[in-house]
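Report on one structure; see the data block that follows.
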4 protein chains.
Amino acid sequence: MAEHAPLTDNWRFKLFKIIYHSDTKLGKWFDILLILFIIISVLTVVLDSVQDFHGKFGDVLYFLEWFFTIAFTFEFILRLISIQHPLRYTLSFFGIVDILSILPTYLSLFLVGTQHLLVIRILRILRIFRILKLIKYTHQAEMLIIALKNSWHKIFVFFFFVLTVLVIFGSLMYLIEGPANGFESIPHGIYWAIVTMTTVGYGDIAPHTVLGRTVASFIMLTGFSIIAIPTGIFASEIDKMKRETRKLKRICKTCGLRGHTKNAIYCRRCGHEL
Amino acid sequence: MAEHAPLTDNWRFKLFKIIYHSDTKLGKWFDILLILFIIISVLTVVLDSVQDFHGKFGDVLYFLEWFFTIAFTFEFILRLISIQHPLRYTLSFFGIVDILSILPTYLSLFLVGTQHLLVIRILRILRIFRILKLIKYTHQAEMLIIALKNSWHKIFVFFFFVLTVLVIFGSLMYLIEGPANGFESIPHGIYWAIVTMTTVGYGDIAPHTVLGRTVASFIMLTGFSIIAIPTGIFASEIDKMKRETRKLKRICKTCGLRGHTKNAIYCRRCGHEL
Amino acid sequence: MAEHAPLTDNWRFKLFKIIYHSDTKLGKWFDILLILFIIISVLTVVLDSVQDFHGKFGDVLYFLEWFFTIAFTFEFILRLISIQHPLRYTLSFFGIVDILSILPTYLSLFLVGTQHLLVIRILRILRIFRILKLIKYTHQAEMLIIALKNSWHKIFVFFFFVLTVLVIFGSLMYLIEGPANGFESIPHGIYWAIVTMTTVGYGDIAPHTVLGRTVASFIMLTGFSIIAIPTGIFASEIDKMKRETRKLKRICKTCGLRGHTKNAIYCRRCGHEL
Amino acid sequence: MAEHAPLTDNWRFKLFKIIYHSDTKLGKWFDILLILFIIISVLTVVLDSVQDFHGKFGDVLYFLEWFFTIAFTFEFILRLISIQHPLRYTLSFFGIVDILSILPTYLSLFLVGTQHLLVIRILRILRIFRILKLIKYTHQAEMLIIALKNSWHKIFVFFFFVLTVLVIFGSLMYLIEGPANGFESIPHGIYWAIVTMTTVGYGDIAPHTVLGRTVASFIMLTGFSIIAIPTGIFASEIDKMKRETRKLKRICKTCGLRGHTKNAIYCRRCGHEL
């Protein structure tokens, strides 16, 4: 993000460091304050949806609502003025999140019944990750993302297979059980298949015929065992990465060869001491 | 599949390459078109099962139904004439799928109430895998299949054990709870045991007696912990394969020795440069 | 089992080989016949519990019942006379299973309403494992058992921890929800906690109060994440064993050193060719 | 704990060894007796909550209640007098557990309706772990704790992500389904999302609209696949530790280099025999 920093005048750079970095004292405080604001503002949205709270503390929640909206608006403006390319930020993921998190309240002035849009503000919670950008956390997060990316192809094939199975079994159950037993259509059947295969099992739709239950048993045992597949893929992916990252840690200063065992004292390639 | 290619006359070989390969421009377009047709035709079947859609758009769905049937018939004919051994293909898995995906509609002309057979057409979705046959995807798919094949023996033993447990506990619960609590017979008991052990838990059949609930708790905790077994088997299988495939990547051009570490520069056996 | 073989007279040894081994032609046939008998006899027990079947085919099932009982009795006698130490076998696990699988039917002659004991006969299914004793299967089965044994201590600690958690939360929920919401006593609470933590979730007992649902959410997320623990333990155990068994495969014929890599040509210790 | 041992007078040290160690004959018996007392006293609390038991055996349970309370009080006093720093123990985790496990019964004399506090006594079960402190068990327990500690960062990021997802989807479902279908508020929605994503699926709250079920299906499949993530993290963590602990076993007595392979006879670094 360094290239976004305004190097020209001093106060803007100071502001930039406070808002976008957390290695300064003020920066840390700014981050902590922001987290608190985000969490509380999310709680207000959550509590506002509860009838009792809305009835009793409606006014307080309304006030808080506006307080946070203005606070986040102010924060957004600061972000824009303290950066080199305001537009680039605005169109970035977090930029859009910022807008989404303040827009609904303003819209609520003009439109009626848009209080529901406030939900979008919950996306604001995602911004906490921006503060988690400490070596450790990002490292871990990146690791997870990379692991997902590396195992993406296998997982895609897996889900494609699962989807096919769901459609086939959903249709089968629709044929076997029929509308009489709650399988009103193939979509209902597919929904039931998902509920069953993921082992959620609400029980709102359940087979009643002997054949239906036999097929259902088969689906359950399948789901039960294929749960292993993505776990297997993912576990081995993480494991492989772990091994590699561990290797990467020791690098020969002479020839730059990576992957030295913990107890090696000389470089395997150039023979120089590590 | 190359040996299936008709090398004699030119147009047939061209056709073969378009239909069976996806490395030519036309071949890619043929594949994409086919995927679209398959997905839409599956959707029509799905939507046709919904009462409202059937009522409102019955005619449209009927038309689409025939449009796709004819399209797939045409595709099937093309496949047969463009190949050396049509019969061999017809009797192959995908050949049978092709027939199953067009037959029901034709049968619906002669037979009444065979609209249900349309479900079989959903098998058509499996043909999408034929197009996914790109190195990456097949590699991944193959890997999964090989992993399953390698761990097959262990998984078989595991499922055999699970089945035995299910039969014993299903019967026990039938004895303990009895028809009064929904355990009408041993099959009902086994069905309940499957629903419980796979952690689906519909709740349509649930124990009510103290002893029944004690046994149930035992089954749940068992299921809870044996979920680990196939996952463990599979994960280690995948992991082992990953390690091996990684090794296989580097081969000595001189002596053909496999399994060189990333940072090796000379062959471990013959000493020649890699 | 060789030491059990009667070496004295010839026909007994022949019989022994047929019954206890499966490497002879007759032995294989004996095993296959036995499997069929076991499966069918189990099915009869299962079907007999279904009212309709019992009503319609009661006589057939009764006849089959006796046919299989006599058949298994005959098999048991053969096992005893063909072996050196009949008593030792009788007191072994499979010996007891054999007795349990024939006794109930005989008892049913003297006692009334012991048809329920027939369930024990389902234990007979376990005898199929005796036939599965082919290198591959036993190898796999042994591997699983060893893996379980090796990770036993960790899994015990884990289950001890889980039990403690279940008791504490079960009691908490009994306090929070109370009999009004189905949590009639602490055992009910513990039962609910098991149903919830194992992600079975029947829904026959579910929290209704705000506090209860909050605690429940906490239990679910805990269960959701601790599912990882035994899987992790087991997966790594299997994995470790895999690695070791792979190592064990290559042994130096000169010094008997084990654990040579696939591409090694000379023994690491004595320098002799492998 | 040795530094807590009172070395001055003899009888106190003897007592200390009996209570805090289990390597002496008396110490073992003390531990076993304590376990029995704890388990039985927990059972009394559990059974006391069952109406029938309370009615029939109320007096017996009351007597046992007081018997165990006095016994544990006596044990607590012994622990305090046999140790160097009684206060330090009193303020330790197990010290507090000890107090919590005897206090409620005494309070019940003064306060009315504090029988519920007895639940806290169940915490007493945790003390069993103190006896499990045999090399093996602690080793395993420590391993699990370390593994959790090492993968803590990743798991934290994971749960943070899950929480965000739960809040967003919970709110979405509240918007889609609304109070009419049991989604009375966002908290209800979040509770439903937890029940669904953890694959518990009570079915007390379930989507009814088409859109709601579509979103629900998405959540289920997500939960179904992200179950893999902590398992993957944890499995690889355990696995890594296993590898390391295995390595640590062989140490060169000359240069103290760790991580020698099983079949190495000379130290890789200093060349001295191992």
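Just remember, in the structure tokens the first chain shown is A, the second B, etc., residues are 1-based per chain, and ligands are 1-based in the order shown.
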Practice problem: Hey, list the chain A side of the contact with chain C: 8 Å cut-off, only C-alpha atoms, answer as an NGL selection string. | Solution: :A and (199-202)
Convert the current residue selection to file output with N, CA, C and O atoms, as an mmCIF file, in the first residue's frame.
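Writing the result to result.cif gives the following:
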data_model
loop_
_atom_site.group_PDB
_atom_site.id
_atom_site.type_symbol
_atom_site.label_atom_id
_atom_site.label_comp_id
_atom_site.auth_asym_id
_atom_site.auth_seq_id
_atom_site.Cartn_x
_atom_site.Cartn_y
_atom_site.Cartn_z
ATOM 1 N N THR A 199 -25.706 -33.837 6.387
ATOM 2 C CA THR A 199 -25.995 -34.347 7.737
ATOM 3 C C THR A 199 -26.654 -33.286 8.629
ATOM 4 O O THR A 199 -26.547 -33.378 9.846
ATOM 5 N N VAL A 200 -27.311 -32.291 8.023
ATOM 6 C CA VAL A 200 -28.044 -31.295 8.819
ATOM 7 C C VAL A 200 -29.327 -31.949 9.344
ATOM 8 O O VAL A 200 -29.578 -31.955 10.541
ATOM 9 N N GLY A 201 -30.127 -32.482 8.421
ATOM 10 C CA GLY A 201 -31.313 -33.261 8.786
ATOM 11 C C GLY A 201 -32.312 -32.528 9.646
ATOM 12 O O GLY A 201 -32.472 -32.834 10.816
ATOM 13 N N TYR A 202 -33.006 -31.540 9.053
ATOM 14 C CA TYR A 202 -34.038 -30.811 9.818
ATOM 15 C C TYR A 202 -35.158 -31.743 10.230
ATOM 16 O O TYR A 202 -35.635 -31.673 11.354
#
Quiz item: Taking only C-alpha atoms into account, which of D:Ser82, D:Pro207, D:Ile194, D:Val45 comes nearest D:Asn10?
Solution: D:Ser82
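Note that the spacing between atom CA of D:Lys14 and atom CA of D:Ile32 amounts to 17.9 Å.
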Practice problem: Give me, please, the distance in Å between atom CA of C:Phe57 and atom CA of C:Ser41, quoted to one decimal. | Solution: 14.5 Å
Quiz item: Can you list, as number ranges by chain, every protein, DNA or RNA residue that comes within 10 Å of A:Thr222 when you count only C-alpha atoms, leaving out same-chain residues fewer than 6 positions away?
Solution: A: 165, 197, 216; B: 198
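Note that atom CA of C:Val97 and atom CA of B:Ser185 are 23.6 Å apart.
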Quiz item: Within 10 Å of C:Val50, counting only C-alpha atoms, which residues qualify if same-chain residues fewer than 3 places away don't, as an MDAnalysis selection string?
Solution: (chainID B and resid 184:188) or (chainID C and resid 45:47 53:55)
Practice problem: Find the residues around A:Arg79 up to 9 Å (only C-alpha atoms counted), leave out those fewer than 2 positions away in its own chain, and share them as a count of residues only. | Solution: 13
